[in-house]
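So this one's coords-v5.txt, compact mmCIF, C-alpha atoms:
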```txt
# COMPACT_ATOMS: atom_id res chain seq x y z
CA MET A 2 -35.35 -4.63 -19.55
CA THR A 3 -37.85 -4.18 -16.71
CA MET A 4 -35.21 -5.27 -14.20
CA VAL A 5 -32.78 -2.75 -15.66
CA LEU A 6 -35.27 0.11 -15.35
CA ILE A 7 -36.18 -0.80 -11.77
CA ALA A 8 -32.50 -1.04 -10.81
CA GLN A 9 -31.76 2.35 -12.34
CA ALA A 10 -34.76 3.92 -10.63
CA ALA A 11 -33.67 2.39 -7.30
CA TYR A 12 -30.17 3.82 -7.70
CA LEU A 13 -31.54 7.29 -8.38
CA VAL A 14 -34.08 7.10 -5.54
CA ALA A 15 -31.30 5.98 -3.17
CA THR A 16 -29.24 8.98 -4.29
CA VAL A 17 -32.09 11.42 -3.63
CA LEU A 18 -32.83 9.89 -0.22
CA LEU A 19 -29.15 10.02 0.65
CA VAL A 20 -28.89 13.70 -0.32
CA VAL A 21 -31.92 14.50 1.84
CA ASP A 22 -30.37 12.68 4.81
CA LEU A 23 -27.05 14.46 4.35
CA ARG A 24 -28.75 17.87 4.13
CA ARG A 25 -30.57 17.14 7.38
CA ASP A 26 -27.33 15.81 8.92
CA SER A 27 -29.28 12.67 9.76
CA ARG A 28 -27.51 9.54 11.05
CA GLU A 29 -30.66 7.50 11.55
CA GLY A 30 -32.17 7.43 8.06
CA TRP A 31 -31.27 4.12 6.49
CA THR A 32 -33.99 3.99 3.84
CA TRP A 33 -31.46 5.00 1.19
CA LEU A 34 -29.28 2.01 2.11
CA ALA A 35 -32.18 -0.45 1.76
CA VAL A 36 -33.13 1.00 -1.63
CA ALA A 37 -29.49 0.91 -2.75
CA GLY A 38 -29.28 -2.73 -1.67
CA VAL A 39 -32.25 -3.55 -3.90
CA ALA A 40 -30.57 -1.72 -6.79
CA VAL A 41 -27.31 -3.64 -6.32
CA LEU A 42 -29.12 -6.99 -6.21
CA LEU A 43 -31.12 -6.19 -9.35
CA HIS A 44 -27.98 -4.95 -11.12
CA ALA A 45 -26.25 -8.23 -10.32
CA GLY A 46 -29.36 -10.12 -11.42
CA VAL A 47 -29.25 -8.46 -14.85
CA HIS A 48 -25.75 -9.83 -15.44
CA LEU A 49 -26.52 -13.27 -14.03
CA LEU A 50 -29.54 -13.68 -16.30
CA ALA A 51 -27.53 -12.50 -19.32
CA TRP A 52 -24.74 -14.96 -18.52
CA ARG A 53 -27.19 -17.82 -18.12
CA ASN A 54 -28.79 -17.06 -21.47
CA SER A 55 -25.47 -16.67 -23.30
CA GLY A 56 -23.65 -19.54 -21.63
CA GLY A 57 -20.86 -17.52 -20.02
CA ALA A 58 -19.66 -14.25 -18.53
CA ASP A 59 -19.64 -11.29 -20.93
CA MET A 60 -16.46 -9.22 -20.43
CA HIS A 61 -16.78 -6.81 -23.36
CA PHE A 62 -16.49 -3.03 -22.92
CA PHE A 63 -19.97 -2.08 -21.69
CA ALA A 64 -20.37 -5.30 -19.71
CA ALA A 65 -17.05 -4.74 -17.94
CA LEU A 66 -17.95 -1.11 -17.31
CA SER A 67 -21.27 -2.15 -15.80
CA LEU A 68 -19.58 -4.74 -13.58
CA VAL A 69 -17.17 -2.12 -12.28
CA GLY A 70 -20.15 0.16 -11.61
CA LEU A 71 -21.82 -2.69 -9.75
CA GLY A 72 -18.70 -3.23 -7.67
CA MET A 73 -18.49 0.48 -6.88
CA ALA A 74 -22.14 0.57 -5.79
CA ALA A 75 -21.71 -2.49 -3.57
CA LEU A 76 -18.53 -1.12 -1.95
CA THR A 77 -20.13 2.31 -1.57
CA SER A 78 -23.05 0.72 0.29
CA VAL A 79 -20.77 -1.27 2.59
CA VAL A 80 -18.62 1.78 3.38
CA GLY A 81 -21.62 4.11 3.65
CA ALA A 82 -23.35 1.84 6.14
CA GLY A 83 -20.60 2.76 8.59
CA GLY A 84 -21.71 6.37 8.99
CA ARG A 85 -20.52 9.61 7.43
CA MET A 86 -18.85 7.94 4.43
CA ALA A 87 -22.37 7.67 3.00
CA ALA A 88 -21.59 10.76 0.91
CA LEU A 89 -19.80 8.43 -1.50
CA GLY A 90 -23.18 7.22 -2.72
CA VAL A 91 -24.09 10.65 -4.12
CA VAL A 92 -21.61 9.92 -6.92
CA GLY A 93 -21.32 6.13 -6.78
CA TYR A 94 -24.98 5.28 -7.33
CA PRO A 95 -25.58 7.51 -10.38
CA VAL A 96 -22.36 6.13 -11.90
CA ALA A 97 -23.65 2.59 -11.39
CA ALA A 98 -27.00 3.51 -12.97
CA ALA A 99 -25.23 5.03 -15.98
CA THR A 100 -22.98 2.01 -16.53
CA LEU A 101 -26.00 -0.30 -16.30
CA ALA A 102 -27.76 1.82 -18.93
CA GLY A 103 -24.76 1.46 -21.22
CA TYR A 104 -24.75 -2.30 -20.77
CA ALA A 105 -28.49 -2.57 -21.41
CA GLY A 106 -28.26 -0.46 -24.55
CA TYR A 107 -25.00 -1.62 -26.11
CA GLY A 108 -23.84 -4.75 -24.29
CA HIS A 109 -24.72 -8.43 -24.62
CA HIS A 110 -22.04 -9.47 -27.11
CA VAL A 111 -21.27 -13.00 -28.15
CA VAL A 112 -19.45 -14.59 -25.23
CA GLU A 113 -15.91 -15.87 -25.71
CA VAL A 114 -15.30 -19.04 -23.73
CA LEU A 115 -12.48 -18.45 -21.23
CA ASP A 116 -10.80 -21.12 -19.13
CA TRP A 117 -10.70 -20.74 -15.36
CA ARG A 118 -7.27 -19.09 -15.41
CA LEU A 119 -8.30 -16.22 -17.68
CA GLN A 120 -11.59 -15.89 -15.79
CA LEU A 121 -9.61 -15.55 -12.55
CA HIS A 122 -7.46 -12.87 -14.17
CA ALA A 123 -10.53 -10.99 -15.44
CA TRP A 124 -12.34 -11.08 -12.09
CA CYS A 125 -9.24 -9.91 -10.22
CA ALA A 126 -9.01 -7.01 -12.67
CA LEU A 127 -12.66 -6.02 -12.27
CA LEU A 128 -12.47 -6.15 -8.47
CA ALA A 129 -9.27 -4.10 -8.53
CA TYR A 130 -10.79 -1.45 -10.79
CA ALA A 131 -13.95 -1.21 -8.69
CA THR A 132 -12.01 -0.89 -5.43
CA LEU A 133 -9.57 1.66 -6.80
CA ALA A 134 -12.42 3.63 -8.40
CA VAL A 135 -13.91 4.01 -4.92
CA ALA A 136 -10.46 5.10 -3.74
CA ALA A 137 -10.48 7.75 -6.48
CA LEU A 138 -13.84 9.07 -5.20
CA LEU A 139 -12.40 9.21 -1.70
CA ALA A 140 -9.39 11.08 -3.09
CA VAL A 141 -11.65 13.69 -4.66
CA MET A 142 -13.51 14.10 -1.37
CA LEU A 143 -10.19 14.42 0.46
CA TRP A 144 -8.91 17.04 -1.99
CA LEU A 145 -12.12 19.09 -1.73
CA GLN A 146 -12.11 19.00 2.04
CA ASP A 147 -8.40 19.86 2.29
CA ARG A 148 -8.90 22.75 -0.15
CA ALA A 149 -11.88 24.07 1.81
CA LEU A 150 -9.94 23.97 5.08
CA ARG A 151 -6.97 25.78 3.57
CA ARG A 152 -9.25 28.52 2.25
CA HIS A 153 -11.35 28.64 5.43
CA GLN A 154 -14.47 27.77 3.45
CA PHE A 155 -16.92 26.13 5.81
CA GLY A 156 -19.88 25.48 3.56
CA ARG A 157 -22.65 23.17 4.67
CA TRP A 158 -21.56 20.50 2.17
CA ARG A 159 -18.30 20.00 4.06
CA PHE A 160 -20.10 18.87 7.18
CA ALA A 161 -21.61 15.98 5.22
CA LEU A 162 -18.08 14.58 4.91
CA PRO A 163 -16.23 12.68 7.62
CA PRO A 164 -13.30 14.22 9.53
CA LEU A 165 -10.16 14.64 7.43
CA THR A 166 -8.12 12.07 9.35
CA GLU A 167 -10.89 9.47 9.05
CA LEU A 168 -11.17 10.13 5.33
CA GLU A 169 -7.41 9.77 4.86
CA SER A 170 -7.36 6.52 6.82
CA LEU A 171 -10.15 5.01 4.72
CA LEU A 172 -8.47 6.19 1.51
CA PHE A 173 -5.23 4.39 2.30
CA ARG A 174 -7.02 1.24 3.46
CA THR A 175 -8.97 1.19 0.21
CA VAL A 176 -5.84 1.82 -1.86
CA ALA A 177 -4.05 -0.99 -0.03
CA VAL A 178 -6.83 -3.47 -0.83
CA GLY A 179 -7.00 -2.29 -4.44
CA PHE A 180 -3.21 -2.51 -4.74
CA ALA A 181 -3.29 -6.12 -3.56
CA LEU A 182 -6.00 -6.95 -6.12
CA LEU A 183 -4.09 -5.13 -8.86
CA THR A 184 -0.97 -7.12 -7.93
CA ALA A 185 -2.99 -10.33 -8.27
CA THR A 186 -4.27 -9.10 -11.63
CA LEU A 187 -0.75 -8.50 -12.96
CA LEU A 188 0.55 -11.81 -11.60
CA THR A 189 -2.28 -13.84 -13.12
CA GLY A 190 -1.77 -11.94 -16.37
CA VAL A 191 1.91 -12.85 -16.47
CA LEU A 192 1.18 -16.48 -15.61
CA PHE A 193 -1.87 -17.10 -17.77
CA VAL A 194 -1.75 -14.78 -20.81
CA GLU A 195 0.27 -16.58 -23.46
CA ASP A 196 1.07 -13.94 -26.10
CA LEU A 197 0.83 -10.24 -25.25
CA LEU A 198 1.66 -9.11 -28.77
CA ALA A 199 -0.90 -11.33 -30.49
CA GLN A 200 -3.62 -10.27 -28.07
CA HIS A 201 -2.84 -6.50 -28.34
CA LEU A 202 -2.09 -6.28 -24.63
CA VAL A 203 1.33 -4.58 -24.56
CA HIS A 204 0.05 -1.02 -24.02
CA LYS A 205 -2.51 -2.28 -21.50
CA THR A 206 0.20 -4.08 -19.56
CA VAL A 207 2.59 -1.11 -19.62
CA LEU A 208 -0.06 1.32 -18.36
CA SER A 209 -1.24 -1.15 -15.69
CA VAL A 210 2.33 -1.59 -14.43
CA LEU A 211 2.79 2.19 -14.33
CA SER A 212 -0.42 2.50 -12.31
CA TRP A 213 0.78 -0.26 -9.99
CA LEU A 214 4.07 1.59 -9.46
CA VAL A 215 2.28 4.85 -8.65
CA PHE A 216 -0.08 3.17 -6.17
CA GLY A 217 2.89 1.34 -4.64
CA GLY A 218 4.82 4.61 -4.42
CA LEU A 219 1.86 6.23 -2.67
CA LEU A 220 1.67 3.49 -0.04
CA LEU A 221 5.44 3.61 0.43
CA GLY A 222 5.33 7.39 0.77
CA ARG A 223 2.59 7.11 3.37
CA TRP A 224 4.60 4.57 5.35
CA LEU A 225 8.00 6.25 5.15
CA ARG A 226 7.16 9.96 4.91
CA GLY A 227 3.61 10.24 6.20
CA TRP A 228 2.09 11.53 2.96
CA ARG A 229 -1.43 12.88 3.37
CA GLY A 230 -3.90 15.47 2.12
CA ARG A 231 -3.53 16.79 -1.41
CA THR A 232 -0.37 14.74 -2.02
CA ALA A 233 -2.21 11.50 -1.34
CA ALA A 234 -5.22 12.60 -3.39
CA GLY A 235 -3.05 13.62 -6.35
CA TRP A 236 -1.11 10.36 -6.47
CA THR A 237 -4.33 8.36 -6.23
CA LEU A 238 -5.99 10.21 -9.11
CA VAL A 239 -2.90 9.95 -11.35
CA ALA A 240 -2.66 6.21 -10.72
CA MET A 241 -6.38 5.75 -11.37
CA ALA A 242 -6.17 7.72 -14.62
CA LEU A 243 -3.42 5.37 -15.82
CA LEU A 244 -5.53 2.38 -14.85
CA VAL A 245 -8.59 3.67 -16.71
CA LEU A 246 -6.47 4.20 -19.82
CA ALA A 247 -4.97 0.74 -19.43
CA PHE A 248 -8.22 -1.18 -19.25
CA PHE A 249 -11.13 0.82 -20.59
CA GLY A 250 -9.05 2.94 -22.94
CA SER A 251 -7.60 -0.13 -24.62
CA LYS A 252 -10.95 -1.96 -24.68
CA PHE A 253 -12.65 1.10 -26.19
CA VAL A 254 -10.14 1.32 -29.02
CA LEU A 255 -9.96 -2.41 -29.73
CA GLU A 256 -13.66 -3.25 -29.41
CA LEU A 257 -15.53 -0.11 -30.41
CA VAL A 258 -13.10 1.57 -32.82
CA LEU A 259 -11.15 -1.29 -34.39
CA HIS A 260 -13.89 -3.93 -33.82
CA ARG A 261 -11.46 -6.61 -32.72
```
Please rewrite the model in this file as C-alpha cells.
Amino acid sequence: MTMVLIAQAAYLVATVLLVVDLRRDSREGWTWLAVAGVAVLLHAGVHLLAWRNSGGADMHFFAALSLVGLGMAALTSVVGAGGRMAALGVVGYPVAAATLAGYAGYGHHVVEVLDWRLQLHAWCALLAYATLAVAALLAVMLWLQDRALRRHQFGRWRFALPPLTELESLLFRTVAVGFALLTATLLTGVLFVEDLLAQHLVHKTVLSVLSWLVFGGLLLGRWLRGWRGRTAAGWTLVAMALLVLAFFGSKFVLELVLHR
C-alpha cells in the first residue's frame, strides 16, 4: 500500500510541476518528467508484486483499468519528453493515479491461469487500449485548439499546446499504431478464443470490430481525402467510445454486475 500511495503522490506532483512549467512556457524544466518516471516505475512495481504473490497476471476489471492507466502514463511521458506535447500529462497522470487507486481498493482477484495464446491476446488488447486512449486525449486537444482558432480565442492555455499541424500528425501516427495493435488483438481473438458464446464475448467482439472499422475509416479518409481538424477528432472519439464499451463496458457488466 505504501508503494501505491507514493506512486499516486508522484503522479500528482508531476502534474503540478508540469502545469507550472506550461504556465511559464518553460522548455527546460524536466523535473516533472523525472517524477513521472518514478510514478510509472512504482505503478508497474505494484502490479509485478501482486502477480508474483498471486502466481499470475490479474486481468480483472480494476486491474485491467490500472494497466491501461499505466500504459497511458508511460506513453504520455515518452511523447511529452519530445517538447510541447507535455500537456498530455495534465490529464494522463491524474487518470493513471485514479486507476491505480481503483486497483488498490478493489482489485487483486483470484487469478485465472491463461495459456500463452490468451495472454498474448490480453496484452495486445491492453496495449491497443492504452495507445488509443492517448490518441483520444490528442483528439480532444485537437478539437479544442481547432475550435479556439475558428472563434479567434487566443487564451494563454492554447499556447501550451503544439502547433495544429504537429498535433494532427502525432494524432494520426498514434492512431496508426493503435490500429495495428487493435488488429493484432482481433486476430489473436479469432485464432485463440474457442467459444465466443460460452465466454459472453459476442457483444465485445461486435463493438471491437465496429471500433476497428471506424479507426480504419479514419486512416483511409486521411490518406484519400486529407481529413483533419474536427473531422479527425470526431472519428477518433467515436471509435474510442465504442472500444471503451467493448472492453470495459462488458467487463463491468460481467464482473461487477453479474459477478461472472
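Nearest to A:Tyr94 of all the residues A:Val178, A:Cys125, A:Leu23, A:Met73 is A:Met73, based on only C-alpha atoms.
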Residue list as a list of chain:residue names for point (-16.4, -1.5, -1.6), cut-off 10 Å, all atoms listed in the file: A:Leu71, A:Gly72, A:Met73, A:Ala74, A:Ala75, A:Leu76, A:Thr77, A:Ser78, A:Val79, A:Val80, A:Gly81, A:Leu128, A:Ala131, A:Thr132, A:Leu133, A:Ala134, A:Val135, A:Ala136, A:Thr175, A:Val178, A:Gly179
9 Å contact set for stretch 37-53 of chain A, only C-alpha atoms, chain neighbours under 3 positions out, as a VMD selection string: chain A and resid 2 4 to 5 7 to 16 32 to 34 56 to 59 64 67 to 68 71 to 72 74 to 75 78 90 94 97 to 98 101 105 109 112
Shell around A:Thr237 at 12 Å using only C-alpha atoms, local window under 6 positions removed, as a PyMOL selection string: chain A and resi 133-144+169+172-173+175-177+179-180+212-220+222-223+228-231+243-244
Pairwise distance for atom CA of A:Val69 and atom CA of A:Pro163, rounded to one decimal in Å: 24.8 Å
Write out as AutoDock Vina command-line options an axis-aligned box for stretch 70-73 of chain A: all of its atoms listed in the file, 3 Å added on each side, centre and edge lengths in Å with one decimal.
```
--center_x -20.2 --center_y -1.4 --center_z -9.2 --size_x 9.3 --size_y 9.7 --size_z 10.7
```
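A straight line drawn from atom CA of A:Ala149 to atom CA of A:Ala233 is 16.2 Å long.
Of note, atom CA of A:Glu167 and atom CA of A:Leu150 are spaced 15.1 Å apart.
Nearest residue to A:Leu119 among A:Val36, A:Thr232, A:Ser209, A:Met60 is A:Met60, counting all atoms listed in the file.
With all atoms listed in the file as the basis for measurement, A:Leu162 is the residue among A:Gly70, A:Leu162, A:Phe63, A:Ala35 that approaches A:Leu89 most closely.
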Nearest to A:Ala126, chosen from A:Leu19, A:Ala240, A:Val203, A:Leu183, with all atoms listed in the file counted in the distances: A:Leu183
For stretch 231-242 of chain A, supply all heavy atoms and format the output as an mmCIF file, in the frame of the given file.
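Written output follows (rebuild29.cif):
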```
data_model
loop_
_atom_site.group_PDB
_atom_site.id
_atom_site.type_symbol
_atom_site.label_atom_id
_atom_site.label_comp_id
_atom_site.auth_asym_id
_atom_site.auth_seq_id
_atom_site.Cartn_x
_atom_site.Cartn_y
_atom_site.Cartn_z
ATOM 1 N N ARG A 231 -3.515 16.621 0.045
ATOM 2 C CA ARG A 231 -3.530 16.790 -1.410
ATOM 3 C C ARG A 231 -2.494 15.903 -2.101
ATOM 4 O O ARG A 231 -2.702 15.488 -3.241
ATOM 5 C CB ARG A 231 -3.320 18.250 -1.761
ATOM 6 C CG ARG A 231 -4.515 19.120 -1.425
ATOM 7 C CD ARG A 231 -4.373 20.525 -1.979
ATOM 8 N NE ARG A 231 -3.287 21.258 -1.325
ATOM 9 C CZ ARG A 231 -2.993 22.524 -1.614
ATOM 10 N NH1 ARG A 231 -3.677 23.180 -2.532
ATOM 11 N NH2 ARG A 231 -2.017 23.143 -0.967
ATOM 12 N N THR A 232 -1.380 15.639 -1.432
ATOM 13 C CA THR A 232 -0.370 14.740 -2.020
ATOM 14 C C THR A 232 -0.947 13.359 -2.241
ATOM 15 O O THR A 232 -0.811 12.773 -3.326
ATOM 16 C CB THR A 232 0.862 14.657 -1.100
ATOM 17 O OG1 THR A 232 1.428 15.952 -0.939
ATOM 18 C CG2 THR A 232 1.911 13.725 -1.700
ATOM 19 N N ALA A 233 -1.603 12.821 -1.232
ATOM 20 C CA ALA A 233 -2.210 11.500 -1.340
ATOM 21 C C ALA A 233 -3.305 11.485 -2.402
ATOM 22 O O ALA A 233 -3.400 10.549 -3.211
ATOM 23 C CB ALA A 233 -2.785 11.059 0.006
ATOM 24 N N ALA A 234 -4.134 12.529 -2.413
ATOM 25 C CA ALA A 234 -5.220 12.600 -3.390
ATOM 26 C C ALA A 234 -4.664 12.673 -4.809
ATOM 27 O O ALA A 234 -5.149 11.997 -5.725
ATOM 28 C CB ALA A 234 -6.100 13.817 -3.111
ATOM 29 N N GLY A 235 -3.624 13.478 -5.013
ATOM 30 C CA GLY A 235 -3.050 13.620 -6.350
ATOM 31 C C GLY A 235 -2.455 12.331 -6.876
ATOM 32 O O GLY A 235 -2.693 11.955 -8.032
ATOM 33 N N TRP A 236 -1.692 11.635 -6.047
ATOM 34 C CA TRP A 236 -1.110 10.360 -6.470
ATOM 35 C C TRP A 236 -2.199 9.335 -6.797
ATOM 36 O O TRP A 236 -2.095 8.594 -7.776
ATOM 37 C CB TRP A 236 -0.192 9.814 -5.380
ATOM 38 C CG TRP A 236 1.182 10.388 -5.389
ATOM 39 C CD1 TRP A 236 1.530 11.683 -5.145
ATOM 40 C CD2 TRP A 236 2.400 9.688 -5.663
ATOM 41 N NE1 TRP A 236 2.886 11.841 -5.242
ATOM 42 C CE2 TRP A 236 3.454 10.639 -5.554
ATOM 43 C CE3 TRP A 236 2.708 8.375 -5.960
ATOM 44 C CZ2 TRP A 236 4.786 10.299 -5.751
ATOM 45 C CZ3 TRP A 236 4.040 8.021 -6.159
ATOM 46 C CH2 TRP A 236 5.059 8.976 -6.064
ATOM 47 N N THR A 237 -3.243 9.315 -5.989
ATOM 48 C CA THR A 237 -4.330 8.360 -6.230
ATOM 49 C C THR A 237 -5.007 8.628 -7.570
ATOM 50 O O THR A 237 -5.272 7.693 -8.342
ATOM 51 C CB THR A 237 -5.378 8.458 -5.102
ATOM 52 O OG1 THR A 237 -4.756 8.192 -3.850
ATOM 53 C CG2 THR A 237 -6.503 7.446 -5.314
ATOM 54 N N LEU A 238 -5.287 9.883 -7.866
ATOM 55 C CA LEU A 238 -5.990 10.210 -9.110
ATOM 56 C C LEU A 238 -5.113 9.972 -10.334
ATOM 57 O O LEU A 238 -5.613 9.528 -11.379
ATOM 58 C CB LEU A 238 -6.462 11.671 -9.048
ATOM 59 C CG LEU A 238 -7.536 11.954 -7.992
ATOM 60 C CD1 LEU A 238 -7.853 13.439 -7.929
ATOM 61 C CD2 LEU A 238 -8.805 11.159 -8.282
ATOM 62 N N VAL A 239 -3.815 10.242 -10.232
ATOM 63 C CA VAL A 239 -2.900 9.950 -11.350
ATOM 64 C C VAL A 239 -2.857 8.449 -11.624
ATOM 65 O O VAL A 239 -2.942 8.007 -12.778
ATOM 66 C CB VAL A 239 -1.490 10.497 -11.055
ATOM 67 C CG1 VAL A 239 -0.481 9.958 -12.067
ATOM 68 C CG2 VAL A 239 -1.490 12.021 -11.080
ATOM 69 N N ALA A 240 -2.718 7.669 -10.562
ATOM 70 C CA ALA A 240 -2.660 6.210 -10.720
ATOM 71 C C ALA A 240 -3.958 5.669 -11.302
ATOM 72 O O ALA A 240 -3.947 4.779 -12.154
ATOM 73 C CB ALA A 240 -2.380 5.554 -9.369
ATOM 74 N N MET A 241 -5.098 6.216 -10.861
ATOM 75 C CA MET A 241 -6.380 5.750 -11.370
ATOM 76 C C MET A 241 -6.560 6.131 -12.829
ATOM 77 O O MET A 241 -7.119 5.357 -13.621
ATOM 78 C CB MET A 241 -7.521 6.332 -10.526
ATOM 79 C CG MET A 241 -8.880 5.700 -10.837
ATOM 80 S SD MET A 241 -8.858 3.917 -10.476
ATOM 81 C CE MET A 241 -10.198 3.349 -11.530
ATOM 82 N N ALA A 242 -6.082 7.304 -13.218
ATOM 83 C CA ALA A 242 -6.170 7.720 -14.620
ATOM 84 C C ALA A 242 -5.391 6.761 -15.505
ATOM 85 O O ALA A 242 -5.846 6.367 -16.600
ATOM 86 C CB ALA A 242 -5.637 9.142 -14.782
#
```
